[in-house]
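Participant: query-v8.cif is the file, holding mmCIF, C-alpha atoms (C1' of nucleotides):
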```cif
data_work
#
loop_
_atom_site.label_atom_id
_atom_site.label_comp_id
_atom_site.auth_asym_id
_atom_site.auth_seq_id
_atom_site.Cartn_x
_atom_site.Cartn_y
_atom_site.Cartn_z
CA MET A 1 -7.32 17.46 -8.94
CA ASP A 2 -10.14 18.86 -6.83
CA ASP A 3 -11.50 18.13 -3.35
CA ILE A 4 -13.56 15.16 -4.54
CA ASP A 5 -10.46 13.52 -6.02
CA LYS A 6 -8.65 14.14 -2.73
CA LYS A 7 -11.46 12.45 -0.80
CA ILE A 8 -11.27 9.45 -3.11
CA LEU A 9 -7.47 9.25 -2.75
CA LYS A 10 -7.59 9.62 1.02
CA ARG A 11 -10.15 6.84 1.33
CA LEU A 12 -8.16 4.54 -0.97
CA GLN A 13 -5.08 5.16 1.13
CA GLU A 14 -6.94 4.08 4.23
CA ASN A 15 -8.43 1.06 2.47
CA ALA A 16 -7.53 0.33 -1.13
CA ARG A 17 -10.27 -2.31 -1.37
CA VAL A 18 -13.10 0.09 -0.55
CA THR A 19 -15.88 -0.40 -3.11
CA ILE A 20 -17.05 2.23 -5.55
CA SER A 21 -20.53 1.99 -4.04
CA VAL A 22 -19.18 2.85 -0.56
CA LEU A 23 -17.17 5.76 -2.01
CA SER A 24 -20.30 6.83 -3.83
CA SER A 25 -22.43 7.03 -0.70
CA GLU A 26 -19.67 8.60 1.43
CA ILE A 27 -18.87 11.30 -1.10
CA SER A 28 -22.47 11.71 -2.32
CA LEU A 29 -21.63 11.26 -5.97
CA SER A 30 -23.05 8.61 -8.30
CA MET A 31 -21.12 5.38 -8.91
CA PRO A 32 -20.36 6.13 -12.59
CA ALA A 33 -18.94 9.53 -11.57
CA ILE A 34 -16.68 7.95 -8.93
CA SER A 35 -15.67 5.25 -11.38
CA GLU A 36 -14.65 7.75 -14.06
CA ARG A 37 -12.62 9.85 -11.63
CA LEU A 38 -10.89 6.75 -10.35
CA LYS A 39 -9.97 5.64 -13.87
CA LYS A 40 -8.49 9.09 -14.55
CA LEU A 41 -6.48 9.05 -11.30
CA GLU A 42 -5.10 5.64 -12.25
CA ALA A 43 -4.40 6.53 -15.90
CA SER A 44 -2.70 9.85 -15.06
CA GLY A 45 -0.31 8.10 -12.66
CA VAL A 46 -1.47 9.88 -9.50
CA ILE A 47 -2.20 6.40 -8.13
CA LYS A 48 0.99 4.42 -8.70
CA GLN A 49 -0.17 1.14 -7.15
CA TYR A 50 -2.63 -0.53 -4.81
CA THR A 51 -0.86 -2.75 -2.32
CA ALA A 52 -1.42 -4.93 0.73
CA ILE A 53 0.69 -4.12 3.77
CA LEU A 54 1.62 -7.33 5.57
CA ASN A 55 2.59 -7.91 9.18
CA PRO A 56 6.39 -8.47 9.23
CA GLU A 57 6.23 -10.70 12.30
CA LEU A 58 3.78 -13.04 10.62
CA VAL A 59 5.81 -13.46 7.47
CA ASP A 60 9.14 -14.09 9.19
CA LYS A 61 10.99 -10.85 8.47
CA GLN A 62 11.95 -9.61 11.86
CA LEU A 63 15.12 -7.60 11.39
CA MET A 64 15.29 -4.09 9.99
CA ALA A 65 18.58 -2.34 9.27
CA LEU A 66 19.74 0.90 7.67
CA VAL A 67 22.90 0.67 5.57
CA TYR A 68 24.89 3.65 4.30
CA LEU A 69 27.53 3.31 1.63
CA SER A 70 29.98 5.26 -0.48
CA PHE A 71 31.54 4.62 -3.88
CA ASP A 72 35.09 5.40 -4.97
CA ASN A 73 33.67 7.27 -7.98
CA PRO A 74 30.19 8.03 -9.34
CA SER A 75 30.43 5.75 -12.42
CA HIS A 76 29.07 2.63 -10.70
CA GLY A 77 25.52 3.92 -10.27
CA ASP A 78 23.88 1.82 -13.01
CA SER A 79 25.26 -1.56 -11.98
CA PHE A 80 24.47 -0.77 -8.35
CA LYS A 81 20.89 0.05 -9.31
CA ASN A 82 20.53 -3.30 -11.05
CA PHE A 83 21.88 -4.98 -7.93
CA VAL A 84 19.47 -3.33 -5.48
CA VAL A 85 16.46 -3.94 -7.74
CA GLY A 86 17.29 -7.66 -7.66
CA GLU A 87 17.66 -7.80 -3.86
CA SER A 88 14.12 -8.12 -2.54
CA ASP A 89 15.13 -7.49 1.09
CA ILE A 90 16.35 -3.99 0.12
CA LYS A 91 13.16 -1.92 0.47
CA GLU A 92 14.49 1.59 -0.06
CA CYS A 93 17.55 2.91 -1.83
CA PHE A 94 18.14 6.66 -1.87
CA TYR A 95 20.94 8.72 -3.39
CA ILE A 96 21.74 11.19 -0.62
CA THR A 97 23.70 14.27 0.40
CA GLY A 98 26.32 14.01 3.15
CA ASP A 99 29.26 11.73 3.87
CA PHE A 100 27.70 8.68 2.24
CA ASP A 101 26.36 8.29 -1.32
CA TYR A 102 23.41 5.93 -0.74
CA SER A 103 21.13 4.86 2.09
CA LEU A 104 19.39 1.50 2.09
CA LYS A 105 16.55 0.18 4.22
CA ILE A 106 16.73 -3.58 4.64
CA ILE A 107 14.04 -5.87 6.05
CA THR A 108 15.22 -9.42 6.48
CA GLN A 109 14.82 -12.59 8.56
CA ASN A 110 17.67 -12.52 11.04
CA THR A 111 21.31 -11.53 11.57
CA THR A 112 22.50 -14.37 9.32
CA THR A 113 20.48 -13.21 6.32
CA LEU A 114 21.57 -9.62 7.06
CA GLU A 115 25.21 -10.68 7.16
CA ASN A 116 24.87 -12.46 3.81
CA LEU A 117 23.22 -9.45 2.22
CA LEU A 118 25.90 -7.09 3.62
CA THR A 119 28.56 -9.34 2.10
CA ARG A 120 26.87 -9.08 -1.30
CA ILE A 121 26.62 -5.29 -0.92
CA LYS A 122 30.32 -4.95 -0.09
CA GLU A 123 31.20 -7.09 -3.09
CA GLN A 124 29.66 -4.55 -5.48
CA THR A 125 32.34 -2.86 -7.57
CA GLY A 126 33.33 0.58 -6.31
CA VAL A 127 31.91 0.28 -2.78
CA ILE A 128 34.56 1.71 -0.45
CA LYS A 129 32.75 2.41 2.84
CA THR A 130 29.61 1.12 4.56
CA GLN A 131 27.90 1.73 7.88
CA THR A 132 25.10 -0.44 9.28
CA ILE A 133 22.51 0.69 11.82
CA VAL A 134 20.11 -1.86 13.31
CA VAL A 135 16.52 -0.75 13.98
CA LEU A 136 15.42 -1.67 17.50
CA SER A 137 11.78 -0.69 17.16
CA SER A 138 9.49 1.05 14.73
CA ILE A 139 7.56 3.99 16.20
CA ILE A 140 5.72 4.80 13.00
CA ASP A 141 5.92 3.42 9.46
CA ARG A 142 3.43 5.03 7.09
CA PRO A 143 3.05 4.89 3.30
CA SER A 144 5.26 7.48 1.65
CA VAL A 145 2.78 9.99 0.32
CA THR A 146 -0.46 10.79 2.07
CA ILE A 147 -3.39 13.06 1.34
CA GLU A 148 -4.53 14.95 4.42
CA MET B 149 -0.25 -20.25 6.05
CA ASP B 150 0.26 -22.46 2.99
CA ASP B 151 1.27 -21.87 -0.62
CA ILE B 152 -2.24 -20.85 -1.66
CA ASP B 153 -2.30 -18.12 1.01
CA LYS B 154 1.11 -16.95 -0.20
CA LYS B 155 -0.18 -16.72 -3.78
CA ILE B 156 -3.13 -14.66 -2.57
CA LEU B 157 -0.86 -12.35 -0.55
CA LYS B 158 1.62 -11.92 -3.38
CA ARG B 159 -1.14 -11.01 -5.81
CA LEU B 160 -2.70 -8.54 -3.35
CA GLN B 161 0.69 -6.89 -2.88
CA GLU B 162 1.01 -6.39 -6.62
CA ASN B 163 -2.56 -5.12 -6.88
CA ALA B 164 -4.71 -4.80 -3.77
CA ARG B 165 -7.83 -4.21 -5.87
CA VAL B 166 -7.61 -7.53 -7.72
CA THR B 167 -11.05 -9.19 -7.67
CA ILE B 168 -11.82 -12.49 -6.00
CA SER B 169 -12.98 -13.84 -9.34
CA VAL B 170 -9.56 -13.11 -10.89
CA LEU B 171 -7.78 -14.67 -7.92
CA SER B 172 -10.11 -17.62 -8.25
CA SER B 173 -9.21 -18.31 -11.87
CA GLU B 174 -5.48 -17.62 -11.40
CA ILE B 175 -5.16 -19.90 -8.40
CA SER B 176 -7.73 -22.45 -9.62
CA LEU B 177 -9.79 -22.40 -6.46
CA SER B 178 -13.48 -21.53 -6.17
CA MET B 179 -14.52 -17.98 -5.27
CA PRO B 180 -15.97 -18.94 -1.87
CA ALA B 181 -12.70 -20.70 -0.96
CA ILE B 182 -10.62 -17.62 -1.91
CA SER B 183 -13.04 -15.37 -0.08
CA GLU B 184 -12.81 -17.40 3.14
CA ARG B 185 -9.02 -17.53 3.06
CA LEU B 186 -8.90 -13.78 2.48
CA LYS B 187 -11.16 -13.11 5.45
CA LYS B 188 -8.89 -15.24 7.66
CA LEU B 189 -5.75 -13.46 6.45
CA GLU B 190 -7.40 -10.13 7.27
CA ALA B 191 -8.80 -11.24 10.64
CA SER B 192 -5.52 -12.83 11.80
CA GLY B 193 -3.62 -9.61 11.10
CA VAL B 194 -1.34 -11.02 8.39
CA ILE B 195 -2.77 -8.31 6.16
CA LYS B 196 -2.42 -5.08 8.11
CA GLN B 197 -3.90 -2.73 5.53
CA TYR B 198 -4.70 -2.22 1.87
CA THR B 199 -3.36 1.09 0.63
CA ALA B 200 -2.97 3.21 -2.48
CA ILE B 201 0.56 4.39 -3.29
CA LEU B 202 0.45 7.89 -4.75
CA ASN B 203 2.90 9.69 -6.97
CA PRO B 204 4.76 12.25 -4.80
CA GLU B 205 5.33 14.65 -7.68
CA LEU B 206 1.63 14.81 -8.44
CA VAL B 207 0.56 15.60 -4.90
CA ASP B 208 3.13 18.34 -4.32
CA LYS B 209 5.51 16.61 -1.90
CA GLN B 210 8.81 16.89 -3.62
CA LEU B 211 11.41 16.91 -0.86
CA MET B 212 12.55 13.85 1.07
CA ALA B 213 14.93 14.09 4.02
CA LEU B 214 16.37 11.75 6.63
CA VAL B 215 16.73 13.21 10.12
CA TYR B 216 18.70 11.63 12.94
CA LEU B 217 18.37 12.78 16.51
CA SER B 218 19.52 12.10 20.05
CA PHE B 219 17.94 12.74 23.44
CA ASP B 220 19.72 13.81 26.61
CA ASN B 221 18.08 10.85 28.40
CA PRO B 222 15.67 8.03 27.43
CA SER B 223 12.68 9.35 29.45
CA HIS B 224 11.26 11.53 26.64
CA GLY B 225 10.21 8.60 24.42
CA ASP B 226 6.45 8.85 25.04
CA SER B 227 6.01 12.54 24.37
CA PHE B 228 8.25 12.25 21.31
CA LYS B 229 6.07 9.41 20.02
CA ASN B 230 2.96 11.57 20.38
CA PHE B 231 4.74 14.33 18.49
CA VAL B 232 5.79 12.19 15.51
CA VAL B 233 2.35 10.57 15.24
CA GLY B 234 0.85 14.05 14.87
CA GLU B 235 3.32 15.17 12.19
CA SER B 236 1.95 13.76 8.95
CA ASP B 237 5.11 14.58 6.96
CA ILE B 238 7.10 12.20 9.19
CA LYS B 239 6.65 8.88 7.41
CA GLU B 240 9.02 6.65 9.39
CA CYS B 241 10.37 6.89 12.92
CA PHE B 242 12.73 4.16 14.09
CA TYR B 243 14.50 3.71 17.42
CA ILE B 244 18.01 2.74 16.34
CA THR B 245 21.43 1.54 17.44
CA GLY B 246 24.47 3.78 16.92
CA ASP B 247 25.34 7.38 17.69
CA PHE B 248 21.77 8.65 17.32
CA ASP B 249 18.60 7.47 19.10
CA TYR B 250 16.00 7.89 16.34
CA SER B 251 15.88 8.10 12.56
CA LEU B 252 13.06 9.89 10.76
CA LYS B 253 12.05 9.83 7.12
CA ILE B 254 10.36 13.07 6.10
CA ILE B 255 8.45 13.74 2.88
CA THR B 256 7.44 17.36 2.52
CA GLN B 257 6.76 20.13 0.02
CA ASN B 258 9.93 22.19 -0.09
CA THR B 259 12.84 23.52 1.95
CA THR B 260 10.60 25.99 3.77
CA THR B 261 8.23 23.28 5.07
CA LEU B 262 11.28 21.14 5.94
CA GLU B 263 12.81 24.02 7.88
CA ASN B 264 9.59 24.54 9.83
CA LEU B 265 9.32 20.85 10.67
CA LEU B 266 12.99 20.73 11.76
CA THR B 267 12.32 23.67 14.07
CA ARG B 268 9.40 21.80 15.66
CA ILE B 269 11.57 18.68 16.02
CA LYS B 270 14.37 20.62 17.73
CA GLU B 271 11.83 22.19 20.10
CA GLN B 272 10.89 18.75 21.50
CA THR B 273 12.05 18.41 25.10
CA GLY B 274 15.26 16.45 25.51
CA VAL B 275 16.47 16.69 21.90
CA ILE B 276 20.18 17.50 22.07
CA LYS B 277 21.55 16.65 18.63
CA THR B 278 20.15 16.33 15.10
CA GLN B 279 21.55 15.61 11.67
CA THR B 280 19.66 16.13 8.42
CA ILE B 281 20.40 14.36 5.14
CA VAL B 282 18.55 15.42 1.99
CA VAL B 283 17.54 12.69 -0.47
CA LEU B 284 18.58 13.60 -4.03
CA SER B 285 16.84 10.72 -5.81
CA SER B 286 15.00 7.54 -5.00
CA ILE B 287 16.43 4.44 -6.69
CA ILE B 288 13.86 2.06 -5.20
CA ASP B 289 11.02 2.52 -2.69
CA ARG B 290 9.04 -0.67 -2.08
CA PRO B 291 6.38 -1.61 0.48
CA SER B 292 8.00 -2.91 3.65
CA VAL B 293 7.20 -6.60 3.66
CA THR B 294 6.94 -8.66 0.50
CA ILE B 295 6.09 -12.25 -0.25
CA GLU B 296 8.40 -13.74 -2.89
"C1'" DT C 297 -11.91 -26.97 3.80
"C1'" DC C 298 -13.75 -27.27 -0.55
"C1'" DT C 299 -17.49 -26.95 -4.54
"C1'" DG C 300 -21.72 -25.42 -7.18
"C1'" DA C 301 -26.04 -22.94 -7.51
"C1'" DA C 302 -28.76 -19.18 -6.29
"C1'" DA C 303 -29.47 -14.73 -4.42
"C1'" DC C 304 -27.62 -10.43 -3.70
"C1'" DC C 305 -25.02 -6.53 -4.51
"C1'" DA C 306 -21.62 -3.79 -7.11
"C1'" DC C 307 -20.05 -2.11 -11.54
"C1'" DT C 308 -20.52 -0.58 -16.24
"C1'" DT C 309 -22.82 1.04 -20.19
"C1'" DA C 310 -25.89 4.06 -22.47
"C1'" DA C 311 -29.10 7.71 -22.96
"C1'" DC C 312 -29.63 12.07 -21.39
"C1'" DT C 313 -29.04 16.77 -18.48
"C1'" DA D 314 -18.81 16.42 -15.63
"C1'" DG D 315 -22.94 14.71 -13.85
"C1'" DT D 316 -27.40 11.60 -13.31
"C1'" DT D 317 -30.67 7.56 -13.74
"C1'" DA D 318 -31.79 2.99 -15.13
"C1'" DA D 319 -30.86 -1.26 -17.24
"C1'" DG D 320 -27.82 -4.98 -17.97
"C1'" DT D 321 -23.67 -7.43 -16.73
"C1'" DG D 322 -20.65 -9.50 -13.71
"C1'" DG D 323 -18.61 -10.18 -9.05
"C1'" DT D 324 -19.45 -11.73 -4.22
"C1'" DT D 325 -21.68 -14.09 -0.61
"C1'" DT D 326 -24.59 -17.51 1.28
"C1'" DC D 327 -25.97 -22.06 1.81
"C1'" DA D 328 -26.38 -26.93 1.07
"C1'" DG D 329 -23.70 -30.74 0.42
"C1'" DA D 330 -19.15 -33.42 -0.06
#
```
I'd like the structure from this file rewritten - as structure tokens, please.

Facilitator:
Amino acid sequence: MDDIDKKILKRLQENARVTISVLSSEISLSMPAISERLKKLEASGVIKQYTAILNPELVDKQLMALVYLSFDNPSHGDSFKNFVVGESDIKECFYITGDFDYSLKIITQNTTTLENLLTRIKEQTGVIKTQTIVVLSSIIDRPSVTIE
Amino acid sequence: MDDIDKKILKRLQENARVTISVLSSEISLSMPAISERLKKLEASGVIKQYTAILNPELVDKQLMALVYLSFDNPSHGDSFKNFVVGESDIKECFYITGDFDYSLKIITQNTTTLENLLTRIKEQTGVIKTQTIVVLSSIIDRPSVTIE
DNA sequence: TCTGAAACCACTTAACT
DNA sequence: AGTTAAGTGGTTTCAGA
């Protein structure tokens, strides 16, 4: 991956719908050259996905919460993974160091939907401790990996 | 926003580079109709951004950490905001309920770059307490808001 | 707000450096 | 790995419903 690839990636991060012709004129490389590089970046897995970031307030998901939880023993990892994959309001699930085993980021409609989701989480086999933090406001929220 | 708009949004979330002609045939609506709806969704702010999600391992950012911190009093919010905006390895910054004031999600190269960033964080005026959790593995990591 | 046709522009292919 | 040029296909505009 050279500087031209990085320019392409940076521009796609800013706007994933930028056209090849715009990239071509900005980077001063022909369209077929840009197109080939892009195909390679996609095929090699450097670009995992192109996605649209939506405004939470306009799609009725106004409550963000962070949930930490511990298991009585490590053997429940697989069934817990299946559970979180199926819960679309769980946006992040990390296996972490420290007092808890997992951290979850939840984006949901309101306190009622959060309560229902927390109930389902606590029903998972092996869960022995949870802690819930409500997010009051989001100062920044950027895509995970960025090219500078 | 009706069901057709939701289909468009859902498809753009899965793949932000999907063409209008593909949307047109999938949704059974003419290309000009799709194009107009898309322009309205962009102009009204429902779609905040189109972005490319990159593979962290392939762009040399292999360490994720969660940092929690407290201030001695609430007056340092503005300068802290300026600081986090300028730190590109800080991907999320939330003002939260609970023992700490802010939570940060950091994605960086290695323990050395994490250490340097933590030093800069602790140098911010008013910071009195921090706690750092290292992420061992990511079970799921989805874009924040999704249409189902 | 939608459709269909035409004009315009972007993308891909192919031949070649 | 790159270019140019031709051909293909996607997007926008516009007239009309």

Participant: Can I have chain A aligned to chain B? Use a least-squares fit on all Cα atoms paired in order and write it out as a short mmCIF file (atom, residue, chain, number, x, y, z; two decimals) with C-alpha atoms, keeping the file's coordinate frame.

Facilitator:
```
data_model
loop_
_atom_site.label_atom_id
_atom_site.label_comp_id
_atom_site.auth_asym_id
_atom_site.auth_seq_id
_atom_site.Cartn_x
_atom_site.Cartn_y
_atom_site.Cartn_z
CA MET A 1 -0.08 -20.11 6.03
CA ASP A 2 0.41 -22.33 3.00
CA ASP A 3 1.40 -21.74 -0.63
CA ILE A 4 -2.13 -20.73 -1.65
CA ASP A 5 -2.20 -18.02 1.03
CA LYS A 6 1.20 -16.82 -0.20
CA LYS A 7 -0.11 -16.58 -3.77
CA ILE A 8 -3.08 -14.55 -2.56
CA LEU A 9 -0.83 -12.23 -0.52
CA LYS A 10 1.64 -11.78 -3.36
CA ARG A 11 -1.13 -10.87 -5.79
CA LEU A 12 -2.69 -8.42 -3.32
CA GLN A 13 0.68 -6.77 -2.87
CA GLU A 14 0.96 -6.25 -6.59
CA ASN A 15 -2.62 -5.01 -6.85
CA ALA A 16 -4.75 -4.70 -3.73
CA ARG A 17 -7.88 -4.13 -5.82
CA VAL A 18 -7.65 -7.44 -7.66
CA THR A 19 -11.07 -9.12 -7.56
CA ILE A 20 -11.80 -12.42 -5.86
CA SER A 21 -12.95 -13.81 -9.21
CA VAL A 22 -9.57 -13.01 -10.81
CA LEU A 23 -7.74 -14.57 -7.84
CA SER A 24 -10.04 -17.54 -8.17
CA SER A 25 -9.19 -18.20 -11.81
CA GLU A 26 -5.46 -17.49 -11.37
CA ILE A 27 -5.10 -19.78 -8.37
CA SER A 28 -7.66 -22.35 -9.59
CA LEU A 29 -9.69 -22.31 -6.41
CA SER A 30 -13.38 -21.46 -6.11
CA MET A 31 -14.44 -17.92 -5.16
CA PRO A 32 -15.88 -18.90 -1.74
CA ALA A 33 -12.59 -20.65 -0.90
CA ILE A 34 -10.55 -17.56 -1.84
CA SER A 35 -12.98 -15.36 0.05
CA GLU A 36 -12.69 -17.40 3.25
CA ARG A 37 -8.89 -17.45 3.13
CA LEU A 38 -8.83 -13.72 2.55
CA LYS A 39 -11.10 -13.08 5.54
CA LYS A 40 -8.79 -15.21 7.72
CA LEU A 41 -5.67 -13.37 6.50
CA GLU A 42 -7.35 -10.06 7.33
CA ALA A 43 -8.73 -11.19 10.71
CA SER A 44 -5.43 -12.75 11.85
CA GLY A 45 -3.56 -9.51 11.13
CA VAL A 46 -1.28 -10.90 8.42
CA ILE A 47 -2.75 -8.20 6.18
CA LYS A 48 -2.40 -4.97 8.15
CA GLN A 49 -3.89 -2.62 5.54
CA TYR A 50 -4.74 -2.12 1.89
CA THR A 51 -3.42 1.19 0.62
CA ALA A 52 -3.04 3.30 -2.50
CA ILE A 53 0.48 4.46 -3.32
CA LEU A 54 0.36 7.95 -4.80
CA ASN A 55 2.82 9.73 -7.05
CA PRO A 56 4.68 12.28 -4.86
CA GLU A 57 5.27 14.65 -7.77
CA LEU A 58 1.57 14.84 -8.52
CA VAL A 59 0.53 15.61 -4.98
CA ASP A 60 3.13 18.32 -4.36
CA LYS A 61 5.50 16.56 -1.96
CA GLN A 62 8.81 16.82 -3.66
CA LEU A 63 11.41 16.83 -0.91
CA MET A 64 12.56 13.79 1.02
CA ALA A 65 14.92 14.02 3.98
CA LEU A 66 16.36 11.70 6.61
CA VAL A 67 16.71 13.16 10.10
CA TYR A 68 18.68 11.57 12.94
CA LEU A 69 18.33 12.72 16.51
CA SER A 70 19.47 12.03 20.05
CA PHE A 71 17.89 12.67 23.44
CA ASP A 72 19.64 13.75 26.63
CA ASN A 73 18.00 10.81 28.43
CA PRO A 74 15.62 8.00 27.47
CA SER A 75 12.60 9.30 29.45
CA HIS A 76 11.19 11.45 26.63
CA GLY A 77 10.16 8.55 24.39
CA ASP A 78 6.39 8.76 24.99
CA SER A 79 5.96 12.47 24.33
CA PHE A 80 8.19 12.18 21.27
CA LYS A 81 6.03 9.35 19.96
CA ASN A 82 2.92 11.48 20.32
CA PHE A 83 4.69 14.25 18.43
CA VAL A 84 5.75 12.12 15.45
CA VAL A 85 2.33 10.48 15.16
CA GLY A 86 0.80 13.95 14.81
CA GLU A 87 3.29 15.09 12.13
CA SER A 88 1.94 13.69 8.88
CA ASP A 89 5.10 14.52 6.90
CA ILE A 90 7.10 12.15 9.15
CA LYS A 91 6.66 8.81 7.36
CA GLU A 92 9.00 6.59 9.35
CA CYS A 93 10.35 6.82 12.87
CA PHE A 94 12.71 4.10 14.08
CA TYR A 95 14.47 3.65 17.41
CA ILE A 96 17.99 2.69 16.35
CA THR A 97 21.41 1.50 17.46
CA GLY A 98 24.45 3.74 16.95
CA ASP A 99 25.30 7.35 17.73
CA PHE A 100 21.74 8.61 17.33
CA ASP A 101 18.57 7.42 19.10
CA TYR A 102 15.98 7.83 16.33
CA SER A 103 15.86 8.05 12.55
CA LEU A 104 13.04 9.81 10.74
CA LYS A 105 12.04 9.78 7.09
CA ILE A 106 10.34 13.01 6.06
CA ILE A 107 8.44 13.69 2.83
CA THR A 108 7.43 17.29 2.47
CA GLN A 109 6.75 20.08 -0.04
CA ASN A 110 9.93 22.13 -0.14
CA THR A 111 12.85 23.44 1.93
CA THR A 112 10.57 25.90 3.74
CA THR A 113 8.21 23.21 5.01
CA LEU A 114 11.25 21.06 5.91
CA GLU A 115 12.78 23.94 7.85
CA ASN A 116 9.54 24.47 9.79
CA LEU A 117 9.28 20.79 10.62
CA LEU A 118 12.94 20.65 11.74
CA THR A 119 12.27 23.60 14.04
CA ARG A 120 9.36 21.73 15.62
CA ILE A 121 11.53 18.61 16.00
CA LYS A 122 14.31 20.55 17.74
CA GLU A 123 11.77 22.11 20.08
CA GLN A 124 10.82 18.70 21.49
CA THR A 125 11.96 18.35 25.09
CA GLY A 126 15.18 16.39 25.50
CA VAL A 127 16.40 16.62 21.89
CA ILE A 128 20.12 17.42 22.08
CA LYS A 129 21.52 16.57 18.63
CA THR A 130 20.11 16.26 15.11
CA GLN A 131 21.54 15.55 11.68
CA THR A 132 19.64 16.07 8.42
CA ILE A 133 20.37 14.28 5.14
CA VAL A 134 18.55 15.35 1.98
CA VAL A 135 17.55 12.62 -0.50
CA LEU A 136 18.61 13.52 -4.04
CA SER A 137 16.89 10.66 -5.82
CA SER A 138 15.05 7.48 -5.02
CA ILE A 139 16.48 4.36 -6.69
CA ILE A 140 13.91 2.01 -5.23
CA ASP A 141 11.07 2.47 -2.74
CA ARG A 142 9.09 -0.71 -2.13
CA PRO A 143 6.45 -1.63 0.46
CA SER A 144 8.09 -2.86 3.64
CA VAL A 145 7.25 -6.54 3.66
CA THR A 146 6.94 -8.58 0.51
CA ILE A 147 6.09 -12.18 -0.26
CA GLU A 148 8.39 -13.67 -2.88
#
```

Participant: Could you list, as a PyMOL selection string, every residue of chain D that has an atom within 12 Å of an atom of chain A, counting only C-alpha atoms (C1' of nucleotides)?

Facilitator: chain D and resi 314-317+323-324

Participant: Determine which residues of chain A sit within 6 Å of chain B, taking into account all atoms listed in the file, and present them as a VMD selection string.

Facilitator: chain A and resid 12 to 17 46 to 56 58 91 to 97 133 to 142 145

Participant: Expand the PyMOL selection byres ((chain C and resi 311) around 12) into the individual residues it matches in the shown file, reporting them as a ChimeraX atom specification.

Facilitator: /C:309-310,312-313 /D:316-319

Participant: Could the residues of chain C that have an atom at most 9 Å from chain B be listed as a Markdown table, each with its closest atom pair and the distance in Å to one decimal, counting all atoms listed in the file and ordered by chain and ascending residue number?

Facilitator:
```
| residue | atom | partner | partner_atom | distance |
| --- | --- | --- | --- | --- |
| C:DT297 | C1' | B:Ala181 | CA | 7.9 |
| C:DC298 | C1' | B:Ala181 | CA | 6.7 |
| C:DT299 | C1' | B:Ser178 | CA | 6.9 |
```

Participant: One decimal, Å: what's the distance from atom CA of B:Asn221 over to atom CA of B:Gly234, could you say?

Facilitator: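 Result for atom CA of B:Asn221 versus atom CA of B:Gly234: 22.1 Å, one decimal.
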
Participant: What does the structure give for the distance between atom CA of B:Ile168 and atom CA of A:Ser28, in Å to one decimal?

Facilitator: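 Those two atoms sit 26.7 Å apart.
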
Participant: Please compute the atom CA of A:Phe83-atom CA of A:Gln109 distance, one decimal, in Å.

Facilitator: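 The value is 19.5 Å.
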
Participant: Padding 8 Å on every side, please: axis-aligned box over the listed atoms of stretch 262-280 of chain B, centre and edge lengths to one decimal in Å, as JSON.

Facilitator:
```
{"center_x": 15.4, "center_y": 20.1, "center_z": 15.7, "size_x": 28.2, "size_y": 24.9, "size_z": 35.6}
```

Participant: So which residues get picked by the PyMOL selection byres ((chain C and resi 305) around 10) here, written as an mmCIF file with C-alpha atoms (C1' of nucleotides), keeping the file's coordinate frame?

Facilitator:
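Final file, out.cif:
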```
data_model
loop_
_atom_site.group_PDB
_atom_site.id
_atom_site.type_symbol
_atom_site.label_atom_id
_atom_site.label_comp_id
_atom_site.auth_asym_id
_atom_site.auth_seq_id
_atom_site.Cartn_x
_atom_site.Cartn_y
_atom_site.Cartn_z
ATOM 1 C CA SER A 21 -20.530 1.990 -4.040
ATOM 2 C "C1'" DA C 303 -29.470 -14.730 -4.420
ATOM 3 C "C1'" DC C 304 -27.620 -10.430 -3.700
ATOM 4 C "C1'" DA C 306 -21.620 -3.790 -7.110
ATOM 5 C "C1'" DC C 307 -20.050 -2.110 -11.540
ATOM 6 C "C1'" DG D 323 -18.610 -10.180 -9.050
ATOM 7 C "C1'" DT D 324 -19.450 -11.730 -4.220
ATOM 8 C "C1'" DT D 325 -21.680 -14.090 -0.610
#
```
